[in-house]
Amino acid sequence: MIRTAIVGTGGIAGICHVPALRTQAHRAVLVAAVDVDATRAEAFAAEHGIPAVYTDLRTMLQEQKPDLVHLCTPPYLHAEQAVACLESGAWVWCEKPVALSLAELDRIHAAEGPAAAGAVFQHRYGPGARHLRDRIAAGALGRPLVAQCVTAWYRDDAYYGVPWRGTWRSEGGGPTLGHGIHQMDLMLHTLGAWAEVRAMAGRLDRDVQTEDVSAALVRFENGAIATVVNSVLSPREESYLRFDLTDGTVELRHLYGYAPTDWTFTARSPGVTWEPPDGPPSSHAAQLADLLDGYEAGIRPDLGRPTMELVTALYKAAITGRPVRRGEIDAADPFYGSLNGGRPEVFR
C-alpha cells in the first residue's frame with residue numbers, strides 16, 4: 001500500500017483530497033494528518049478516520065515515513081514543505097500555486113531525487129482534455145488560430161479576511177496566480193508552447209496588495225493568438241475556454257470542474273466532427289489515479305513550469321508595460337524571485 005499523509009487540514013483537504021484518496025483505497029492508505037492547529041487537525045483526523053495527528057511536518061515525516069504527501073497548506077509554505085518532503089524520500093502532490101515564484105519552483109525541482117513532486121492541475125484530467133490535445137496535435141481539426149481563456153470568478157471582501165490572502169509575501173499574486181492558473185494550464189496543455197505575452201492588470205475593487213483582475217494577449221509558437229482574462233470581480237462566475245481552428249470551434253464552459261456535456265463543437269463543414277469521450281468529471285480523483293499510476297511505474301509527475309513561466313511573464317508584462325518572450329526570465333531577472341519584481345506597491 002502507498003502510505004499517504006495530508007498536510008494542511010482546511011477546506012480543500014476535506015472537500016477534494018480525502019474523497020480522491022478514498023477512490024484509491026485499494027492501493028493507498030491515509031496514515032497521518034498535519035496542521036499547526038492541533039484542534040483542527042484532531043477534528044479532521046477523527047472525521048476521516050486518520051490514525052496519526054501531528055502539528056509538525058518534519059516529525060511526521062520522520063515517524064510515519066509516508067510515500068506520498070498531499071500539501072494543502074497556504075502558498076507561502078509550499079516550497080519549504082515540498083523540499084522537506086522530497087528530502088525525506090516522500091513524493092509530493094501540491095495544491096496550486098505550487099510556488100510563489102519561478103525561483104521557488106526551481107528550488108523544489110532541484111530537491112527532487114528518487115522522490116518527485118507534482119502540481120494539482122486536475123483540469124488536464126477531465127473528459128476530452130487529452131483527446132482534444134491529441135486531435136489538435138494530429139491536425140484533425142485544422143490549424144489553431146484563435147483562443148479565449150477566461151476565469152471570471154467572484155471573491156468578496158470576506159474572502160480576503162484570511163490573513164495570508166491578498167498579499168505578495170504570502171499568496172504570491174492575485175487571481176492570475178491563484179485562480180486563473182487552472183484554465184491557463186489547460187490552454188497550454190491543449191495548444192502547446194507559448195511564445196510572447198502582453199498584459200495589463202489592476203486592483204480595481206478589493207482591498208488587497210495584488211491585482212484583482214488581469215488581461216493578456218498570448219502568442220503561441222504555432223502562431224495562434226489567445227486572449228486571457230483572470231478576475232475575482234465577476235458576479236456571474238464562469239470558466240471558459242474557446243479554441244477556433246481552421247476546421248471548427250471547440251468550447252468548454254464550466255466553473256470549478258467539467259463533464260463531457262460541458263464541451264461543444266461547431267464544425268466549419270459537415271465532414272469534421274469532434275466530441276469528448278465519456279468519462280467522469282475533471283477532479284482531484286482523476287488526477288490522483290494518474291499520479292499513483294506514475295508512482296507505481298516510476299513515472300515522475302509534472303510541476304507545471306511552463307504554466308508558471310506564463311504566469312510570471314504575464315505579471316512582468318503588466319507591470320513593466322512591455323511584451324515578454326518565453327525564456328527571457330532567468331535567475332538574474334527580478335521577476336524570477338517574485339511575481340511583482342520586488343515592487344510591493346505595484347497596483348495603487
# chains A, B, ... in the order shown; residues from 1 in each chain; ligands from 1

$ select_by_dssp --residues "range 96-298 of chain A" --states "helix (DSSP H, G or I)" --output "ChimeraX atom specification"
/A:102-111,122-125,129-137,157-161,175-178,181-191,260-262,284-297

$ residues_around --residues "Val53 in chain A" --least-positions-apart "3" --cutoff "9 Å" --atoms "only C-alpha atoms" --output "VMD selection string"
chain A and resid 31 to 35 38 41 to 42 45 50 60

$ write_last_selection --atoms "all heavy atoms" --output "PDB file, in the first residue's frame"
ATOM      1  N   VAL A  31      -2.338   7.774   6.366  1.00  0.00           N
ATOM      2  CA  VAL A  31      -1.785   7.395   7.664  1.00  0.00           C
ATOM      3  C   VAL A  31      -1.623   8.555   8.629  1.00  0.00           C
ATOM      4  O   VAL A  31      -1.474   8.343   9.832  1.00  0.00           O
ATOM      5  CB  VAL A  31      -0.425   6.690   7.498  1.00  0.00           C
ATOM      6  CG1 VAL A  31      -0.578   5.418   6.676  1.00  0.00           C
ATOM      7  CG2 VAL A  31       0.620   7.624   6.870  1.00  0.00           C
ATOM      8  N   ALA A  32      -1.634   9.807   8.131  1.00  0.00           N
ATOM      9  CA  ALA A  32      -1.376  10.929   9.035  1.00  0.00           C
ATOM     10  C   ALA A  32      -1.959  12.223   8.489  1.00  0.00           C
ATOM     11  O   ALA A  32      -2.086  12.409   7.273  1.00  0.00           O
ATOM     12  CB  ALA A  32       0.126  11.096   9.268  1.00  0.00           C
ATOM     13  N   ALA A  33      -2.292  13.103   9.425  1.00  0.00           N
ATOM     14  CA  ALA A  33      -2.712  14.461   9.102  1.00  0.00           C
ATOM     15  C   ALA A  33      -1.850  15.433   9.893  1.00  0.00           C
ATOM     16  O   ALA A  33      -1.526  15.180  11.058  1.00  0.00           O
ATOM     17  CB  ALA A  33      -4.186  14.674   9.445  1.00  0.00           C
ATOM     18  N   VAL A  34      -1.492  16.550   9.254  1.00  0.00           N
ATOM     19  CA  VAL A  34      -0.631  17.545   9.888  1.00  0.00           C
ATOM     20  C   VAL A  34      -1.273  18.918   9.758  1.00  0.00           C
ATOM     21  O   VAL A  34      -1.742  19.297   8.678  1.00  0.00           O
ATOM     22  CB  VAL A  34       0.767  17.585   9.231  1.00  0.00           C
ATOM     23  CG1 VAL A  34       1.672  18.588   9.949  1.00  0.00           C
ATOM     24  CG2 VAL A  34       1.405  16.204   9.200  1.00  0.00           C
ATOM     25  N   ASP A  35      -1.292  19.646  10.862  1.00  0.00           N
ATOM     26  CA  ASP A  35      -1.764  21.028  10.847  1.00  0.00           C
ATOM     27  C   ASP A  35      -1.184  21.740  12.062  1.00  0.00           C
ATOM     28  O   ASP A  35      -1.065  21.127  13.137  1.00  0.00           O
ATOM     29  CB  ASP A  35      -3.300  21.089  10.884  1.00  0.00           C
ATOM     30  CG  ASP A  35      -3.841  22.422  10.402  1.00  0.00           C
ATOM     31  OD1 ASP A  35      -3.612  23.447  11.084  1.00  0.00           O
ATOM     32  OD2 ASP A  35      -4.493  22.453   9.344  1.00  0.00           O
ATOM     33  N   ALA A  38      -3.678  22.196  16.339  1.00  0.00           N
ATOM     34  CA  ALA A  38      -3.863  20.826  16.827  1.00  0.00           C
ATOM     35  C   ALA A  38      -5.338  20.455  16.902  1.00  0.00           C
ATOM     36  O   ALA A  38      -5.725  19.320  16.573  1.00  0.00           O
ATOM     37  CB  ALA A  38      -3.214  20.665  18.194  1.00  0.00           C
ATOM     38  N   ALA A  41      -6.599  19.756  13.433  1.00  0.00           N
ATOM     39  CA  ALA A  41      -6.033  18.505  12.929  1.00  0.00           C
ATOM     40  C   ALA A  41      -6.701  17.298  13.561  1.00  0.00           C
ATOM     41  O   ALA A  41      -7.005  16.307  12.889  1.00  0.00           O
ATOM     42  CB  ALA A  41      -4.527  18.477  13.197  1.00  0.00           C
ATOM     43  N   GLU A  42      -6.932  17.354  14.856  1.00  0.00           N
ATOM     44  CA  GLU A  42      -7.562  16.234  15.556  1.00  0.00           C
ATOM     45  C   GLU A  42      -8.995  16.034  15.088  1.00  0.00           C
ATOM     46  O   GLU A  42      -9.454  14.897  14.905  1.00  0.00           O
ATOM     47  CB  GLU A  42      -7.502  16.466  17.059  1.00  0.00           C
ATOM     48  CG  GLU A  42      -6.082  16.324  17.626  1.00  0.00           C
ATOM     49  CD  GLU A  42      -5.954  16.856  19.042  1.00  0.00           C
ATOM     50  OE1 GLU A  42      -6.975  17.345  19.584  1.00  0.00           O
ATOM     51  OE2 GLU A  42      -4.845  16.791  19.602  1.00  0.00           O
ATOM     52  N   ALA A  45      -8.857  14.462  11.633  1.00  0.00           N
ATOM     53  CA  ALA A  45      -8.484  13.048  11.703  1.00  0.00           C
ATOM     54  C   ALA A  45      -9.630  12.195  12.210  1.00  0.00           C
ATOM     55  O   ALA A  45      -9.871  11.083  11.721  1.00  0.00           O
ATOM     56  CB  ALA A  45      -7.261  12.891  12.598  1.00  0.00           C
ATOM     57  N   ILE A  50      -8.331   9.018  10.344  1.00  0.00           N
ATOM     58  CA  ILE A  50      -6.879   9.056  10.138  1.00  0.00           C
ATOM     59  C   ILE A  50      -6.202   8.725  11.466  1.00  0.00           C
ATOM     60  O   ILE A  50      -6.459   9.386  12.472  1.00  0.00           O
ATOM     61  CB  ILE A  50      -6.435  10.432   9.618  1.00  0.00           C
ATOM     62  CG1 ILE A  50      -7.190  10.769   8.321  1.00  0.00           C
ATOM     63  CG2 ILE A  50      -4.926  10.457   9.379  1.00  0.00           C
ATOM     64  CD1 ILE A  50      -7.015  12.188   7.863  1.00  0.00           C
ATOM     65  N   MET A  60       6.383  14.280  11.585  1.00  0.00           N
ATOM     66  CA  MET A  60       5.555  13.306  10.873  1.00  0.00           C
ATOM     67  C   MET A  60       6.363  12.541   9.839  1.00  0.00           C
ATOM     68  O   MET A  60       6.281  11.311   9.741  1.00  0.00           O
ATOM     69  CB  MET A  60       4.373  14.013  10.203  1.00  0.00           C
ATOM     70  CG  MET A  60       3.376  13.062   9.523  1.00  0.00           C
ATOM     71  SD  MET A  60       3.859  12.508   7.853  1.00  0.00           S
ATOM     72  CE  MET A  60       3.709  14.036   6.939  1.00  0.00           C
TER      73      MET A  60
END

$ closest_atom_pairs --of "range 178-212 of chain A" --to "range 147-158 of chain A" --cutoff "9 Å" --atoms "only C-alpha atoms" --output "JSON lines"
{"residue": "A:His179", "atom": "CA", "partner": "A:Thr151", "partner_atom": "CA", "distance": 7.2}
{"residue": "A:Gly180", "atom": "CA", "partner": "A:Thr151", "partner_atom": "CA", "distance": 5.3}
{"residue": "A:Ile181", "atom": "CA", "partner": "A:Thr151", "partner_atom": "CA", "distance": 8.7}
{"residue": "A:His182", "atom": "CA", "partner": "A:Thr151", "partner_atom": "CA", "distance": 8.6}
{"residue": "A:Gln183", "atom": "CA", "partner": "A:Cys149", "partner_atom": "CA", "distance": 6.5}
{"residue": "A:Met184", "atom": "CA", "partner": "A:Cys149", "partner_atom": "CA", "distance": 6.7}
{"residue": "A:Met187", "atom": "CA", "partner": "A:Cys149", "partner_atom": "CA", "distance": 7.0}
{"residue": "A:Arg206", "atom": "CA", "partner": "A:Asp157", "partner_atom": "CA", "distance": 6.5}
{"residue": "A:Asp207", "atom": "CA", "partner": "A:Asp157", "partner_atom": "CA", "distance": 7.4}

$ write_last_selection --atoms "all heavy atoms" --output "PDB file, in the first residue's frame"
ATOM      1  N   HIS A 179      -6.083  31.696  -9.148  1.00  0.00           N
ATOM      2  CA  HIS A 179      -7.382  31.260  -9.664  1.00  0.00           C
ATOM      3  C   HIS A 179      -7.300  30.871 -11.140  1.00  0.00           C
ATOM      4  O   HIS A 179      -7.631  29.759 -11.522  1.00  0.00           O
ATOM      5  CB  HIS A 179      -8.429  32.359  -9.450  1.00  0.00           C
ATOM      6  CG  HIS A 179      -8.617  32.747  -8.020  1.00  0.00           C
ATOM      7  ND1 HIS A 179      -7.795  33.651  -7.372  1.00  0.00           N
ATOM      8  CD2 HIS A 179      -9.511  32.345  -7.091  1.00  0.00           C
ATOM      9  CE1 HIS A 179      -8.187  33.787  -6.110  1.00  0.00           C
ATOM     10  NE2 HIS A 179      -9.228  33.004  -5.920  1.00  0.00           N
ATOM     11  N   GLY A 180      -6.859  31.793 -11.973  1.00  0.00           N
ATOM     12  CA  GLY A 180      -6.834  31.534 -13.405  1.00  0.00           C
ATOM     13  C   GLY A 180      -5.782  30.548 -13.861  1.00  0.00           C
ATOM     14  O   GLY A 180      -5.810  30.109 -15.018  1.00  0.00           O
ATOM     15  N   ILE A 181      -4.889  30.174 -12.972  1.00  0.00           N
ATOM     16  CA  ILE A 181      -3.808  29.267 -13.361  1.00  0.00           C
ATOM     17  C   ILE A 181      -4.344  27.934 -13.894  1.00  0.00           C
ATOM     18  O   ILE A 181      -3.739  27.318 -14.770  1.00  0.00           O
ATOM     19  CB  ILE A 181      -2.844  29.048 -12.171  1.00  0.00           C
ATOM     20  CG1 ILE A 181      -1.535  28.406 -12.646  1.00  0.00           C
ATOM     21  CG2 ILE A 181      -3.505  28.250 -11.050  1.00  0.00           C
ATOM     22  CD1 ILE A 181      -0.445  28.414 -11.598  1.00  0.00           C
ATOM     23  N   HIS A 182      -5.516  27.496 -13.411  1.00  0.00           N
ATOM     24  CA  HIS A 182      -6.078  26.228 -13.884  1.00  0.00           C
ATOM     25  C   HIS A 182      -6.462  26.299 -15.362  1.00  0.00           C
ATOM     26  O   HIS A 182      -6.137  25.404 -16.142  1.00  0.00           O
ATOM     27  CB  HIS A 182      -7.305  25.846 -13.057  1.00  0.00           C
ATOM     28  CG  HIS A 182      -6.975  25.165 -11.779  1.00  0.00           C
ATOM     29  ND1 HIS A 182      -6.189  24.046 -11.709  1.00  0.00           N
ATOM     30  CD2 HIS A 182      -7.340  25.455 -10.495  1.00  0.00           C
ATOM     31  CE1 HIS A 182      -6.079  23.655 -10.450  1.00  0.00           C
ATOM     32  NE2 HIS A 182      -6.757  24.494  -9.699  1.00  0.00           N
ATOM     33  N   GLN A 183      -7.183  27.364 -15.747  1.00  0.00           N
ATOM     34  CA  GLN A 183      -7.601  27.471 -17.144  1.00  0.00           C
ATOM     35  C   GLN A 183      -6.415  27.749 -18.050  1.00  0.00           C
ATOM     36  O   GLN A 183      -6.346  27.241 -19.179  1.00  0.00           O
ATOM     37  CB  GLN A 183      -8.651  28.574 -17.297  1.00  0.00           C
ATOM     38  CG  GLN A 183      -9.933  28.325 -16.509  1.00  0.00           C
ATOM     39  CD  GLN A 183     -10.481  26.930 -16.704  1.00  0.00           C
ATOM     40  OE1 GLN A 183     -10.761  26.513 -17.829  1.00  0.00           O
ATOM     41  NE2 GLN A 183     -10.637  26.200 -15.616  1.00  0.00           N
ATOM     42  N   MET A 184      -5.458  28.547 -17.569  1.00  0.00           N
ATOM     43  CA  MET A 184      -4.265  28.797 -18.383  1.00  0.00           C
ATOM     44  C   MET A 184      -3.464  27.515 -18.581  1.00  0.00           C
ATOM     45  O   MET A 184      -2.920  27.271 -19.665  1.00  0.00           O
ATOM     46  CB  MET A 184      -3.409  29.893 -17.741  1.00  0.00           C
ATOM     47  CG  MET A 184      -4.028  31.277 -17.864  1.00  0.00           C
ATOM     48  SD  MET A 184      -2.945  32.604 -17.285  1.00  0.00           S
ATOM     49  CE  MET A 184      -3.076  32.405 -15.500  1.00  0.00           C
ATOM     50  N   MET A 187      -5.226  25.544 -21.193  1.00  0.00           N
ATOM     51  CA  MET A 187      -4.984  26.153 -22.506  1.00  0.00           C
ATOM     52  C   MET A 187      -3.612  25.737 -23.045  1.00  0.00           C
ATOM     53  O   MET A 187      -3.484  25.340 -24.211  1.00  0.00           O
ATOM     54  CB  MET A 187      -5.060  27.683 -22.395  1.00  0.00           C
ATOM     55  CG  MET A 187      -4.724  28.420 -23.674  1.00  0.00           C
ATOM     56  SD  MET A 187      -4.770  30.228 -23.505  1.00  0.00           S
ATOM     57  CE  MET A 187      -3.358  30.522 -22.426  1.00  0.00           C
ATOM     58  N   ARG A 206     -10.916  45.395  -4.715  1.00  0.00           N
ATOM     59  CA  ARG A 206     -10.647  44.661  -3.485  1.00  0.00           C
ATOM     60  C   ARG A 206      -9.501  45.318  -2.719  1.00  0.00           C
ATOM     61  O   ARG A 206      -8.554  45.833  -3.313  1.00  0.00           O
ATOM     62  CB  ARG A 206     -10.291  43.191  -3.782  1.00  0.00           C
ATOM     63  CG  ARG A 206     -11.405  42.404  -4.432  1.00  0.00           C
ATOM     64  CD  ARG A 206     -12.581  42.182  -3.486  1.00  0.00           C
ATOM     65  NE  ARG A 206     -13.689  41.520  -4.200  1.00  0.00           N
ATOM     66  CZ  ARG A 206     -14.705  42.170  -4.768  1.00  0.00           C
ATOM     67  NH1 ARG A 206     -14.759  43.507  -4.702  1.00  0.00           N
ATOM     68  NH2 ARG A 206     -15.659  41.512  -5.388  1.00  0.00           N
ATOM     69  N   ASP A 207      -9.595  45.276  -1.391  1.00  0.00           N
ATOM     70  CA  ASP A 207      -8.581  45.867  -0.531  1.00  0.00           C
ATOM     71  C   ASP A 207      -7.439  44.874  -0.337  1.00  0.00           C
ATOM     72  O   ASP A 207      -7.302  44.223   0.703  1.00  0.00           O
ATOM     73  CB  ASP A 207      -9.198  46.261   0.815  1.00  0.00           C
ATOM     74  CG  ASP A 207      -8.204  46.990   1.720  1.00  0.00           C
ATOM     75  OD1 ASP A 207      -7.182  47.477   1.208  1.00  0.00           O
ATOM     76  OD2 ASP A 207      -8.464  47.058   2.937  1.00  0.00           O
TER      77      ASP A 207
END

$ residues_around --residues "Tyr258 in chain A" --least-positions-apart "2" --cutoff "9 Å" --atoms "only C-alpha atoms" --output "list in words"
His123, Gly126, Pro127, Leu252, Arg253, His254, Leu255, Tyr256, Pro260, Thr261, Asp262, Trp263, Pro280, Pro281, Ser282 and Ser283 of chain A

$ atom_distance --atom1 "CA of Leu141 in chain A" --atom2 "CA of Ser239 in chain A"
22.8 Å

$ residues_around --residues "range 20-27 of chain A" --least-positions-apart "3" --cutoff "10 Å" --atoms "only C-alpha atoms" --output "ChimeraX atom specification"
/A:1-4,13-17,30,283-289,292,296

$ write_last_selection --atoms "N, CA and C atoms" --output "compact mmCIF listing (two decimals), in the first residue's frame"
# COMPACT_ATOMS: atom_id res chain seq x y z
N MET A 1 0.83 -1.20 0.00
CA MET A 1 0.00 0.00 0.00
C MET A 1 0.87 1.25 0.00
N ILE A 2 0.41 2.27 -0.71
CA ILE A 2 1.10 3.55 -0.75
C ILE A 2 0.66 4.36 0.46
N ARG A 3 1.62 4.67 1.34
CA ARG A 3 1.32 5.40 2.57
C ARG A 3 1.27 6.90 2.25
N THR A 4 0.13 7.52 2.56
CA THR A 4 -0.06 8.93 2.24
C THR A 4 -0.33 9.74 3.50
N ALA A 13 -8.58 20.11 1.66
CA ALA A 13 -8.16 18.77 2.07
C ALA A 13 -9.36 17.85 2.25
N GLY A 14 -10.38 18.36 2.92
CA GLY A 14 -11.56 17.53 3.17
C GLY A 14 -12.50 17.42 2.00
N ILE A 15 -12.60 18.50 1.22
CA ILE A 15 -13.54 18.52 0.11
C ILE A 15 -13.03 17.73 -1.08
N CYS A 16 -11.72 17.80 -1.34
CA CYS A 16 -11.16 17.21 -2.56
C CYS A 16 -10.18 16.07 -2.32
N HIS A 17 -9.25 16.23 -1.40
CA HIS A 17 -8.17 15.25 -1.29
C HIS A 17 -8.60 13.96 -0.60
N LEU A 30 -4.34 6.50 3.99
CA LEU A 30 -4.04 7.78 4.63
C LEU A 30 -3.61 7.51 6.07
N SER A 283 -11.44 16.21 -11.89
CA SER A 283 -11.44 16.16 -10.42
C SER A 283 -10.07 15.80 -9.90
N HIS A 284 -9.88 16.01 -8.59
CA HIS A 284 -8.68 15.54 -7.93
C HIS A 284 -8.57 14.02 -8.03
N ALA A 285 -9.70 13.34 -7.98
CA ALA A 285 -9.68 11.88 -8.04
C ALA A 285 -9.09 11.40 -9.36
N ALA A 286 -9.47 12.05 -10.46
CA ALA A 286 -8.96 11.65 -11.77
C ALA A 286 -7.45 11.86 -11.84
N GLN A 287 -6.96 12.99 -11.34
CA GLN A 287 -5.52 13.22 -11.40
C GLN A 287 -4.78 12.31 -10.43
N LEU A 288 -5.35 12.07 -9.24
CA LEU A 288 -4.66 11.21 -8.28
C LEU A 288 -4.48 9.80 -8.84
N ALA A 289 -5.47 9.29 -9.54
CA ALA A 289 -5.33 7.96 -10.15
C ALA A 289 -4.14 7.94 -11.10
N LEU A 292 -0.81 8.10 -9.04
CA LEU A 292 -0.45 6.83 -8.41
C LEU A 292 0.00 5.81 -9.45
N GLU A 296 3.71 4.07 -9.20
CA GLU A 296 3.95 2.63 -9.28
C GLU A 296 4.86 2.27 -10.46

$ closest_residue --among "A:Gly257, A:Pro51, A:Gly118, A:Gly248" --to "Arg300 in chain A" --atoms "only C-alpha atoms"
A:Gly118

$ residues_around --residues "range 213-221 of chain A" --least-positions-apart "4" --cutoff "7 Å" --atoms "only C-alpha atoms" --output "list in words"
Pro175, Thr176, Ala193, Trp194, Ala195, Glu196, Val197, Arg198, Ala199, Met200, Ala201, Gly202, Arg203, Ile225, Ala226, Thr227, Val228, Val229, Asn230, Ser231, Val232 and Leu314 of chain A

$ residues_around --residues "Asp37 in chain A" --least-positions-apart "4" --cutoff "12 Å" --atoms "only C-alpha atoms" --output "number ranges by chain"
A: 7-10, 33, 41-44, 53-56, 73

$ write_last_selection --atoms "N, CA, C and O atoms" --output "compact mmCIF listing (two decimals), in the first residue's frame"
# COMPACT_ATOMS: atom_id res chain seq x y z
N VAL A 7 -1.07 17.36 4.63
CA VAL A 7 -0.52 18.47 5.40
C VAL A 7 -1.37 19.70 5.10
O VAL A 7 -1.45 20.15 3.96
N GLY A 8 -2.02 20.22 6.15
CA GLY A 8 -2.98 21.30 5.98
C GLY A 8 -4.38 20.73 5.91
O GLY A 8 -4.73 20.07 4.93
N THR A 9 -5.16 20.96 6.97
CA THR A 9 -6.47 20.29 7.06
C THR A 9 -7.63 21.26 6.87
O THR A 9 -8.68 21.12 7.47
N GLY A 10 -7.43 22.26 6.01
CA GLY A 10 -8.50 23.19 5.69
C GLY A 10 -9.48 22.61 4.68
O GLY A 10 -9.53 21.39 4.45
N ALA A 33 -2.29 13.10 9.42
CA ALA A 33 -2.71 14.46 9.10
C ALA A 33 -1.85 15.43 9.89
O ALA A 33 -1.53 15.18 11.06
N ALA A 41 -6.60 19.76 13.43
CA ALA A 41 -6.03 18.51 12.93
C ALA A 41 -6.70 17.30 13.56
O ALA A 41 -7.01 16.31 12.89
N GLU A 42 -6.93 17.35 14.86
CA GLU A 42 -7.56 16.23 15.56
C GLU A 42 -9.00 16.03 15.09
O GLU A 42 -9.45 14.90 14.91
N ALA A 43 -9.72 17.14 14.88
CA ALA A 43 -11.09 17.02 14.39
C ALA A 43 -11.13 16.44 12.99
O ALA A 43 -11.97 15.60 12.66
N PHE A 44 -10.20 16.86 12.16
CA PHE A 44 -10.10 16.35 10.79
C PHE A 44 -9.79 14.86 10.80
O PHE A 44 -10.42 14.07 10.06
N VAL A 53 -1.93 12.07 14.16
CA VAL A 53 -2.09 13.52 14.05
C VAL A 53 -0.80 14.20 14.51
O VAL A 53 -0.22 13.83 15.53
N TYR A 54 -0.38 15.22 13.75
CA TYR A 54 0.83 15.95 14.07
C TYR A 54 0.62 17.45 13.87
O TYR A 54 -0.23 17.87 13.07
N THR A 55 1.42 18.23 14.58
CA THR A 55 1.47 19.67 14.34
C THR A 55 2.79 20.08 13.70
O THR A 55 2.98 21.26 13.39
N ASP A 56 3.69 19.14 13.51
CA ASP A 56 5.00 19.42 12.92
C ASP A 56 5.26 18.47 11.75
O ASP A 56 5.22 17.25 11.91
N THR A 73 -1.55 23.35 2.22
CA THR A 73 -1.27 24.50 3.08
C THR A 73 -1.30 25.79 2.27
O THR A 73 -1.35 25.77 1.03

$ atom_distance --atom1 "CA of Asp247 in chain A" --atom2 "CA of Thr264 in chain A"
14.0 Å

$ closest_residue --among "A:Ala90, A:Glu251, A:Glu112, A:Leu77" --to "Val36 in chain A" --atoms "only C-alpha atoms"
A:Leu77

$ closest_residue --among "A:Pro144, A:Ala115, A:Arg130, A:Arg107" --to "Glu275 in chain A" --atoms "only C-alpha atoms"
A:Arg130

$ select_by_dssp --residues "range 193-330 of chain A" --states "strand (DSSP E or B)" --output "PyMOL selection string"
chain A and resi 194-202+213-220+225-231+233-245+248-254+263-267+324-325
